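Next up, work.cif (mmCIF, C-alpha atoms):
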data_query
#
loop_
_atom_site.label_atom_id
_atom_site.label_comp_id
_atom_site.auth_asym_id
_atom_site.auth_seq_id
_atom_site.Cartn_x
_atom_site.Cartn_y
_atom_site.Cartn_z
CA ALA A 26 156.35 27.45 197.85
CA VAL A 27 152.65 26.78 197.44
CA SER A 28 150.74 26.31 200.68
CA PRO A 29 149.03 22.93 201.01
CA MET A 30 146.08 24.60 202.74
CA ILE A 31 142.98 25.74 200.87
CA GLU A 32 141.66 29.27 201.32
CA VAL A 33 138.04 30.11 200.55
CA GLN A 34 137.12 33.37 198.83
CA ASN A 35 133.40 33.68 198.08
CA ASP A 36 133.02 29.93 197.43
CA TYR A 37 136.11 29.87 195.17
CA PHE A 38 138.90 27.72 196.56
CA GLU A 39 142.45 29.02 196.29
CA ILE A 40 144.86 26.54 194.75
CA GLU A 41 147.78 28.79 193.82
CA PRO A 42 147.95 31.88 196.06
CA GLY A 43 146.47 34.93 194.37
CA ALA A 44 146.53 33.29 190.93
CA LEU A 45 144.49 30.08 190.57
CA PHE A 46 141.15 29.14 192.08
CA VAL A 47 138.75 26.24 191.51
CA CYS A 48 135.00 25.77 191.92
CA THR A 49 132.01 23.86 190.58
CA LYS A 50 129.61 26.81 190.46
CA GLU A 51 127.64 27.14 187.25
CA LYS A 52 128.04 30.90 187.00
CA PRO A 53 131.32 32.85 187.23
CA PRO A 54 131.54 35.90 189.52
CA PRO A 55 130.00 38.99 187.89
CA ASP A 56 132.63 41.57 188.83
CA GLY A 57 135.24 40.64 186.19
CA SER A 58 137.90 39.82 188.79
CA PHE A 59 138.22 36.27 187.51
CA ASN A 60 139.27 34.86 184.16
CA VAL A 61 137.20 31.67 183.84
CA PHE A 62 138.95 28.55 182.52
CA LEU A 63 136.90 25.47 181.60
CA PHE A 64 138.03 21.85 181.42
CA PRO A 65 139.57 21.47 177.93
CA ARG A 66 137.17 19.62 175.63
CA ASP A 67 139.96 17.94 173.68
CA ILE A 68 141.28 16.06 176.74
CA LYS A 69 139.93 12.51 176.92
CA HIS A 70 140.75 9.73 179.36
CA ASP A 71 142.18 6.55 177.79
CA ARG A 72 140.63 4.08 180.22
CA PHE A 73 139.67 3.64 183.86
CA VAL A 74 141.64 1.85 186.60
CA ASN A 75 139.43 1.14 189.62
CA GLY A 76 137.19 4.03 188.63
CA VAL A 77 139.94 6.63 188.18
CA ALA A 78 140.49 8.05 184.71
CA VAL A 79 143.92 7.36 183.22
CA MET A 80 145.00 10.09 180.84
CA SER A 81 147.97 10.09 178.56
CA LEU A 82 151.03 12.18 179.30
CA ALA A 83 150.14 14.26 176.24
CA ASP A 84 146.84 15.27 177.85
CA VAL A 85 148.54 16.01 181.18
CA LEU A 86 151.10 18.25 179.51
CA GLY A 87 148.42 19.88 177.40
CA PHE A 88 146.46 20.76 180.52
CA VAL A 89 149.52 22.13 182.33
CA SER A 90 150.32 24.27 179.29
CA ALA A 91 146.73 25.54 179.07
CA VAL A 92 146.56 26.55 182.75
CA THR A 93 149.96 28.24 182.55
CA HIS A 94 148.84 30.29 179.54
CA GLU A 95 145.55 31.24 181.21
CA ILE A 96 147.42 32.65 184.20
CA THR A 97 150.17 34.46 182.27
CA ASP A 98 147.80 35.81 179.60
CA HIS A 99 145.53 37.45 182.20
CA PRO A 100 147.92 39.05 184.70
CA SER A 101 145.34 41.49 186.03
CA GLN A 102 142.81 38.76 186.81
CA LYS A 103 142.70 35.66 188.96
CA THR A 104 142.16 32.46 187.00
CA LEU A 105 139.12 30.39 187.98
CA TYR A 106 139.19 26.73 186.96
CA LEU A 107 135.50 25.88 186.57
CA LEU A 108 134.77 22.17 187.00
CA SER A 109 131.72 20.44 185.56
CA HIS A 110 129.31 18.71 187.92
CA GLY A 111 129.46 14.95 188.39
CA GLN A 112 132.01 12.68 190.04
CA ARG A 113 133.75 11.63 186.83
CA GLN A 114 134.20 15.20 185.64
CA VAL A 115 135.44 16.35 189.05
CA SER A 116 137.76 13.33 189.26
CA ASN A 117 139.32 14.11 185.88
CA GLY A 118 139.63 17.81 186.65
CA LEU A 119 141.21 17.39 190.07
CA PHE A 120 143.64 14.74 188.85
CA LEU A 121 144.91 17.13 186.18
CA LEU A 122 145.02 19.99 188.67
CA GLY A 123 147.27 17.89 190.89
CA CYS A 124 149.57 17.21 187.93
CA TYR A 125 149.78 20.96 187.29
CA LEU A 126 150.84 21.65 190.89
CA ILE A 127 153.49 18.91 190.78
CA LEU A 128 154.97 19.79 187.39
CA SER A 129 154.62 23.57 187.30
CA LYS A 130 154.90 24.45 191.00
CA LYS A 131 157.04 21.50 192.11
CA MET A 132 154.63 20.73 194.93
CA HIS A 133 155.27 17.36 196.59
CA PRO A 134 152.57 14.75 195.85
CA MET A 135 151.67 14.43 199.53
CA LEU A 136 150.96 18.17 199.75
CA VAL A 137 148.96 17.93 196.53
CA HIS A 138 147.02 15.05 198.09
CA VAL A 139 146.21 17.15 201.18
CA LYS A 140 145.06 20.09 199.07
CA ILE A 141 142.96 18.16 196.57
CA GLU A 142 141.42 15.87 199.19
CA ALA A 143 140.48 18.87 201.33
CA TYR A 144 138.71 20.50 198.42
CA TYR A 145 136.92 17.29 197.44
CA SER A 146 135.83 16.74 201.04
CA SER A 147 134.32 20.22 201.05
CA LEU A 148 132.30 19.28 197.96
CA ARG A 149 131.04 16.09 199.54
CA SER A 150 129.91 18.05 202.59
CA GLU A 151 127.47 19.86 200.29
CA ALA A 152 124.87 17.13 199.87
CA GLN A 153 123.64 18.31 196.48
CA GLU A 154 127.11 18.64 194.94
CA MET A 155 128.68 15.20 195.11
CA PRO A 156 126.22 12.47 196.08
CA HIS A 157 128.41 9.64 194.84
CA SER A 158 131.17 7.66 196.53
CA PRO A 159 134.49 9.38 197.33
CA LEU A 160 137.36 9.43 194.88
CA ASP A 161 140.13 6.87 195.28
CA PHE A 162 142.85 9.34 196.26
CA ASN A 163 145.23 6.52 197.14
CA LEU A 164 145.21 5.56 193.46
CA SER A 165 145.49 9.17 192.28
CA ILE A 166 148.55 9.72 194.45
CA ASP A 167 150.29 6.73 192.81
CA PHE A 168 150.05 8.60 189.49
CA TRP A 169 151.21 11.85 191.08
CA ARG A 170 154.16 10.07 192.73
CA GLY A 171 155.08 8.42 189.45
CA LEU A 172 155.07 11.83 187.78
CA TRP A 173 157.12 13.27 190.66
CA ARG A 174 159.70 10.50 190.26
CA ALA A 175 159.94 11.16 186.52
CA ILE A 176 160.43 14.88 187.19
CA ASN A 177 163.26 14.16 189.61
CA LEU A 178 164.88 11.95 186.98
CA GLN A 179 164.51 14.84 184.50
CA TRP A 180 162.47 12.66 182.16
CA VAL A 181 159.85 15.42 182.10
CA SER A 182 159.95 19.09 183.08
CA MET A 183 158.34 22.41 182.21
CA PRO A 184 159.18 23.22 178.58
CA PHE A 185 161.58 25.73 177.10
CA ASP A 186 159.13 25.81 174.19
CA GLU A 187 155.73 24.20 173.54
CA ASN A 188 157.23 20.94 172.37
CA ARG A 189 160.21 19.91 174.50
CA TRP A 190 159.25 18.89 178.06
CA GLY A 191 162.52 17.66 179.52
CA GLU A 192 163.40 14.50 177.59
CA ILE A 193 159.88 14.27 176.16
CA ASP A 194 159.50 15.52 172.61
CA LEU A 195 155.74 16.06 172.79
CA GLN A 196 155.14 16.16 169.04
CA GLU A 197 157.13 12.97 168.51
CA TYR A 198 155.44 11.27 171.48
CA LYS A 199 151.96 12.07 170.17
CA HIS A 200 152.86 11.03 166.61
CA TYR A 201 154.33 7.62 167.39
CA ARG A 202 151.87 6.86 170.19
CA ASN A 203 149.06 6.98 167.63
CA PRO A 204 147.97 3.39 166.79
CA LEU A 205 148.04 4.38 163.11
CA ASN A 206 151.76 5.17 163.42
CA GLY A 207 152.89 2.06 165.27
CA ASP A 208 151.96 2.74 168.91
CA ILE A 209 155.65 3.31 169.73
CA VAL A 210 156.32 4.91 173.11
CA GLN A 211 159.58 5.67 174.92
CA VAL A 212 158.28 4.78 178.37
CA ILE A 213 161.78 5.31 179.79
CA PRO A 214 163.09 8.27 177.77
CA GLY A 215 166.36 7.46 176.09
CA LYS A 216 166.33 3.82 177.23
CA VAL A 217 163.21 1.65 176.72
CA ILE A 218 160.43 1.58 174.11
CA GLU A 219 157.13 -0.29 174.19
CA PHE A 220 155.58 -1.05 170.83
CA ARG A 221 153.03 -3.23 169.08
CA GLU A 222 153.88 -6.71 167.85
CA PRO A 223 155.30 -6.78 164.29
CA VAL A 224 153.73 -9.25 161.87
CA ASP A 225 154.96 -10.74 158.60
CA LEU A 226 153.16 -8.83 155.82
CA GLY A 227 155.44 -9.75 152.96
CA ALA A 228 156.39 -6.64 151.02
CA ARG A 229 153.78 -4.42 152.69
CA LYS A 230 154.67 -2.00 155.47
CA TYR A 231 151.24 -2.20 157.10
CA ILE A 232 147.66 -3.35 156.53
CA ASP A 233 144.29 -2.31 157.96
CA GLU A 234 142.02 -5.19 158.94
CA LEU A 235 138.81 -5.06 161.00
CA GLY A 236 139.60 -1.55 162.18
CA VAL A 237 143.11 -2.43 163.40
CA ARG A 238 146.37 -1.46 161.71
CA GLN A 239 149.13 -4.05 161.78
CA PHE A 240 152.75 -3.29 160.98
CA SER A 241 155.59 -5.28 159.46
CA PRO A 242 159.13 -5.40 160.87
CA SER A 243 160.26 -3.35 157.85
CA TYR A 244 157.99 -0.51 159.01
CA PHE A 245 159.49 -0.51 162.51
CA VAL A 246 163.12 -0.95 161.49
CA ASP A 247 163.32 2.41 159.70
CA ILE A 248 161.89 4.20 162.75
CA PHE A 249 164.12 2.27 165.15
CA GLU A 250 167.21 3.18 163.17
CA TYR A 251 166.19 6.85 163.42
CA LEU A 252 165.58 6.49 167.18
CA ARG A 253 168.89 4.65 167.63
CA VAL A 254 167.43 1.41 168.92
CA GLY A 255 170.11 -1.13 169.78
CA ALA A 256 167.96 -4.20 170.44
CA VAL A 257 164.45 -5.56 169.93
CA VAL A 258 163.11 -7.92 172.60
CA SER A 259 160.26 -10.29 171.72
CA LEU A 260 158.24 -11.68 174.63
CA SER A 261 155.85 -13.66 172.40
CA GLN A 262 156.01 -16.01 169.45
CA PHE A 263 156.85 -14.33 166.16
CA SER A 264 156.49 -15.31 162.53
CA TYR A 265 158.75 -12.78 160.85
CA ASP A 266 162.46 -13.09 160.05
CA PRO A 267 164.61 -11.47 162.80
CA GLN A 268 167.25 -10.76 160.16
CA ILE A 269 165.19 -7.75 159.11
CA PHE A 270 166.36 -6.07 162.32
CA GLU A 271 169.80 -7.67 162.58
CA GLU A 272 170.82 -6.62 159.07
CA ARG A 273 170.39 -3.01 160.23
CA GLY A 274 172.57 -3.53 163.29
CA ILE A 275 169.71 -4.09 165.76
CA PHE A 276 169.99 -7.18 167.97
CA HIS A 277 166.90 -9.39 168.14
CA ILE A 278 166.39 -11.21 171.46
CA ASP A 279 163.78 -13.90 172.14
CA LEU A 280 162.52 -13.92 175.77
CA GLN A 281 159.13 -15.56 175.36
CA PHE A 282 156.75 -16.25 178.23
CA GLY A 283 152.98 -16.70 178.32
CA GLU A 284 150.57 -13.83 177.74
CA GLY A 285 149.35 -12.43 181.06
CA LYS A 286 151.82 -14.69 182.89
CA ILE A 287 154.61 -13.86 185.33
CA PRO A 288 158.16 -13.65 183.94
CA THR A 289 160.44 -16.39 185.20
CA GLN A 290 163.54 -15.68 187.23
CA SER A 291 165.77 -16.36 184.22
CA VAL A 292 163.72 -14.05 181.95
CA VAL A 293 163.93 -11.19 184.47
CA ALA A 294 167.68 -11.68 184.90
CA GLU A 295 168.31 -11.78 181.15
CA PHE A 296 166.11 -8.74 180.50
CA LEU A 297 167.89 -6.66 183.14
CA ARG A 298 171.29 -7.73 181.83
CA LEU A 299 170.26 -6.81 178.29
CA VAL A 300 168.85 -3.35 179.09
CA GLU A 301 171.86 -2.57 181.27
CA GLY A 302 174.33 -3.61 178.59
CA VAL A 303 172.90 -2.55 175.23
CA THR A 304 174.05 0.69 173.65
CA GLY A 305 171.03 2.69 172.57
CA LEU A 306 167.35 2.08 173.17
CA VAL A 307 165.77 -1.30 173.82
CA ALA A 308 162.40 -1.85 172.08
CA VAL A 309 160.16 -4.43 173.77
CA TYR A 310 156.88 -6.04 172.73
CA GLY A 311 154.57 -8.90 173.65
CA LYS A 312 151.30 -9.52 171.87
CA GLY A 313 150.26 -5.89 172.16
CA GLY A 314 153.36 -4.54 173.86
CA LEU A 315 151.48 -3.91 177.11
CA ARG A 316 151.09 -6.50 179.87
CA ARG A 317 154.20 -8.69 179.78
CA THR A 318 156.17 -5.77 178.45
CA GLY A 319 155.02 -3.46 181.25
CA ALA A 320 155.83 -6.00 183.96
CA LEU A 321 159.46 -6.38 182.87
CA ILE A 322 159.99 -2.66 182.31
CA ALA A 323 158.54 -1.91 185.75
CA VAL A 324 161.10 -4.24 187.34
CA TYR A 325 163.88 -2.32 185.58
CA MET A 326 162.41 0.98 186.79
CA MET A 327 162.35 -0.28 190.39
CA ARG A 328 165.87 -1.65 190.24
CA HIS A 329 167.55 1.29 188.51
CA HIS A 330 165.38 4.32 189.22
CA SER A 331 163.95 3.58 192.68
CA PHE A 332 160.30 3.57 191.60
CA THR A 333 157.91 1.70 193.84
CA ALA A 334 155.78 -0.92 192.10
CA LYS A 335 152.71 1.34 192.18
CA GLU A 336 154.65 4.36 190.92
CA ALA A 337 156.12 2.35 188.04
CA MET A 338 152.73 0.95 187.04
CA ALA A 339 151.17 4.41 187.21
CA TRP A 340 153.89 6.00 185.05
CA LEU A 341 153.62 3.23 182.45
CA ARG A 342 149.83 3.61 182.32
CA MET A 343 150.18 7.35 181.84
CA MET A 344 152.69 6.89 179.03
CA ARG A 345 150.65 4.17 177.29
CA PRO A 346 147.28 2.77 178.42
CA GLY A 347 146.98 -0.82 179.54
CA PRO A 348 150.33 -2.00 180.97
CA VAL A 349 150.37 -4.51 183.84
CA THR A 350 147.25 -6.31 184.97
CA SER A 351 145.98 -8.96 187.39
CA ASP A 352 148.70 -11.23 188.85
CA GLN A 353 151.46 -9.09 187.37
CA GLN A 354 150.56 -6.29 189.81
CA ASP A 355 151.00 -8.64 192.78
CA PHE A 356 154.24 -9.92 191.30
CA LEU A 357 155.63 -6.39 191.03
CA CYS A 358 154.74 -5.61 194.66
CA TRP A 359 156.57 -8.81 195.66
CA ALA A 360 159.55 -7.83 193.49
CA GLU A 361 159.64 -4.40 195.16
CA SER A 362 160.05 -5.97 198.61
CA GLN A 363 162.62 -8.43 197.23
CA LEU A 364 164.67 -5.60 195.73
CA ALA A 365 164.58 -3.71 199.03
CA ASP A 366 165.80 -6.78 200.94
CA ALA A 367 168.57 -7.41 198.41
CA ALA A 368 169.70 -3.78 198.59
CA ALA A 369 169.86 -3.97 202.39
CA THR A 370 172.09 -7.05 202.29
CA GLY A 371 174.13 -6.10 199.22
CA GLU A 372 172.91 -9.13 197.24
CA ASP A 373 172.30 -9.22 193.50
CA TRP A 374 168.63 -9.59 192.64
CA PRO A 375 167.15 -11.71 191.10
CA ALA A 376 170.16 -14.04 191.26
CA CYS A 377 169.89 -14.14 195.07
CA VAL A 378 166.36 -15.62 195.04
CA PRO A 379 166.66 -19.27 196.19
CA ALA A 380 165.47 -21.98 193.82
CA GLY A 381 161.80 -22.81 194.25
CA THR A 382 160.89 -19.52 195.96
CA TRP A 383 160.11 -17.38 192.90
CA TRP A 384 156.69 -15.74 193.09
CA VAL A 385 153.70 -17.75 191.86
CA PRO A 386 150.04 -16.69 191.76
CA SER A 387 148.04 -17.70 194.82
#

Show me the file's structure as structure tokens.
Amino acid sequence: AVSPMIEVQNDYFEIEPGALFVCTKEKPPPDGSFNVFLFPRDIKHDRFVNGVAVMSLADVLGFVSAVTHEITDHPSQKTLYLLSHGQRQVSNGLFLLGCYLILSKKMHPMLVHVKIEAYYSSLRSEAQEMPHSPLDFNLSIDFWRGLWRAINLQWVSMPFDENRWGEIDLQEYKHYRNPLNGDIVQVIPGKVIEFREPVDLGARKYIDELGVRQFSPSYFVDIFEYLRVGAVVSLSQFSYDPQIFEERGIFHIDLQFGEGKIPTQSVVAEFLRLVEGVTGLVAVYGKGGLRRTGALIAVYMMRHHSFTAKEAMAWLRMMRPGPVTSDQQDFLCWAESQLADAAATGEDWPACVPAGTWWVPS
């Protein structure tokens, strides 16, 4: 087991005993005892949530792989993870370091939180190092807990090779997640896909307009047949012919509700029934396959996989940037407490919610 405490050796902070250290010093030690590892330049955050960088799962796994190789490829040296100066760079670096400890060393997120927070606090105590406001570790731990939950469900694990991380085929994930390839992501491996809204393009598979690629149902249906999708769920108005999917044995279900709005009780109930009952994957989209889509999928994750609302939102944001915003976050926190109450009394949620008491924005 990895100790949650941080040891200091000549200003280098021990993260993994005898193997991995971290610091923000500009110059590495001169004696050759350390192999210096820099923050990978090809890792970019997708967006920020309350000031914390949200990186894709591909970048998280790429970092874990890189650190693992640095340690194993230099057995006679300690590995020193050299962070760049500045709050954003330190935030990104420490978030990824926490993911490494959780995935590679199976360290519990709370112990990771203690370790990383202790190191960051030591930086802030040096007035010239970190003059800015403290990191939001409460938000970071939501992402770490979401990753921990996914590990326990065996959705993701350390790889047998460079490509297969548990149920995540990294090459396939990166290929289909690309907006030029349909922005198709299995956010629940083997069960639920988020994807971009199909549009009627006549005989064309896709078009590029104003820097955005749009895809026809005929583009998606070939991929969905390969992925063994059993149903497509539309949460927004559509102009294409659903028969394009149904002729290939893929059910097409219409569960429309307003963009950015809260799903109704009947929509939630029907969505849960559908995902629970369909053989194969369920592919879901709204306008962009993000906000409405993420809210419904998060409810399923809470009901069937014991995610908290914050863990579910964090996992979805790591898998695909953007899911769940504004009132939908408050709705999911309400749904979490409702699910807990229903579980305690043995009632079926959401059927047990009395008429007129469904959540509405304040």

_Gly57 (chain A) environment, 12 Å, only C-alpha atoms, sequence neighbours closer than 5 positions dropped, as a PyMOL selection string_ = chain A and resi 99+101-105

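In terms of minimum interatomic distance to Val92 (chain A), A:Lys130 ranks closest within A:Lys312, A:Lys130, A:Arg113, A:Arg317, counting only C-alpha atoms.
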
_Need to verify the contact set: Asp208 (chain A), 7 Å, only C-alpha atoms, exclusion of same-chain residues closer than 3 positions in sequence. Can you return it as number ranges by chain?_
A: 201-204, 220-221

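Going from CA of Asp167 (chain A) to CA of Phe356 (chain A) covers 17.2 Å.
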
*Kindly give the distance, in Å, that separates CA of Lys230 (chain A) and CA of Thr318 (chain A), rounded to a single decimal.*
23.3 Å

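Distances here use only C-alpha atoms; by that measure, the residue among A:Leu205, A:Ile213, A:Ile127, A:Ala83 closest to Ile176 (chain A) is A:Ile127.
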
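Taking CA of Phe185 (chain A) as the reference point, CA of Met132 (chain A) is found at 19.8 Å.
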
_At a cut-off of 10 Å around the point (144.7, -1.0, 163.4) (file coordinates), what residues fall inside when counting all atoms listed in the file? I'd like the answer as a VMD selection string._
chain A and resid 204 to 208 231 to 240

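In this comparison, which uses all atoms listed in the file, the residue of A:Ser182, A:Tyr144, A:Leu321, A:Pro65 approaching Gln290 (chain A) most closely is A:Leu321.
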
Env of Glu95 (chain A): 9 Å cut, atoms = only C-alpha atoms, seq-sep filter 5 positions within chain, self excluded. Answer as a CSV table (one decimal) with C-alpha atoms, in the frame of the given file.
chain,number,residue,atom,x,y,z
A,60,ASN,CA,139.3,34.9,184.2
A,61,VAL,CA,137.2,31.7,183.8
A,62,PHE,CA,139.0,28.6,182.5
A,90,SER,CA,150.3,24.3,179.3
A,100,PRO,CA,147.9,39.0,184.7
A,104,THR,CA,142.2,32.5,187.0

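Checking A:Met327, A:Ile269, A:Val224, A:Leu86 one by one against Gly311 (chain A), counting all atoms listed in the file, you find the shortest gap at A:Val224.
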
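Among the candidates A:Gln211, A:Thr382, A:Arg229, A:Arg170, the one nearest to Ala334 (chain A) when counting all atoms listed in the file is A:Arg170.
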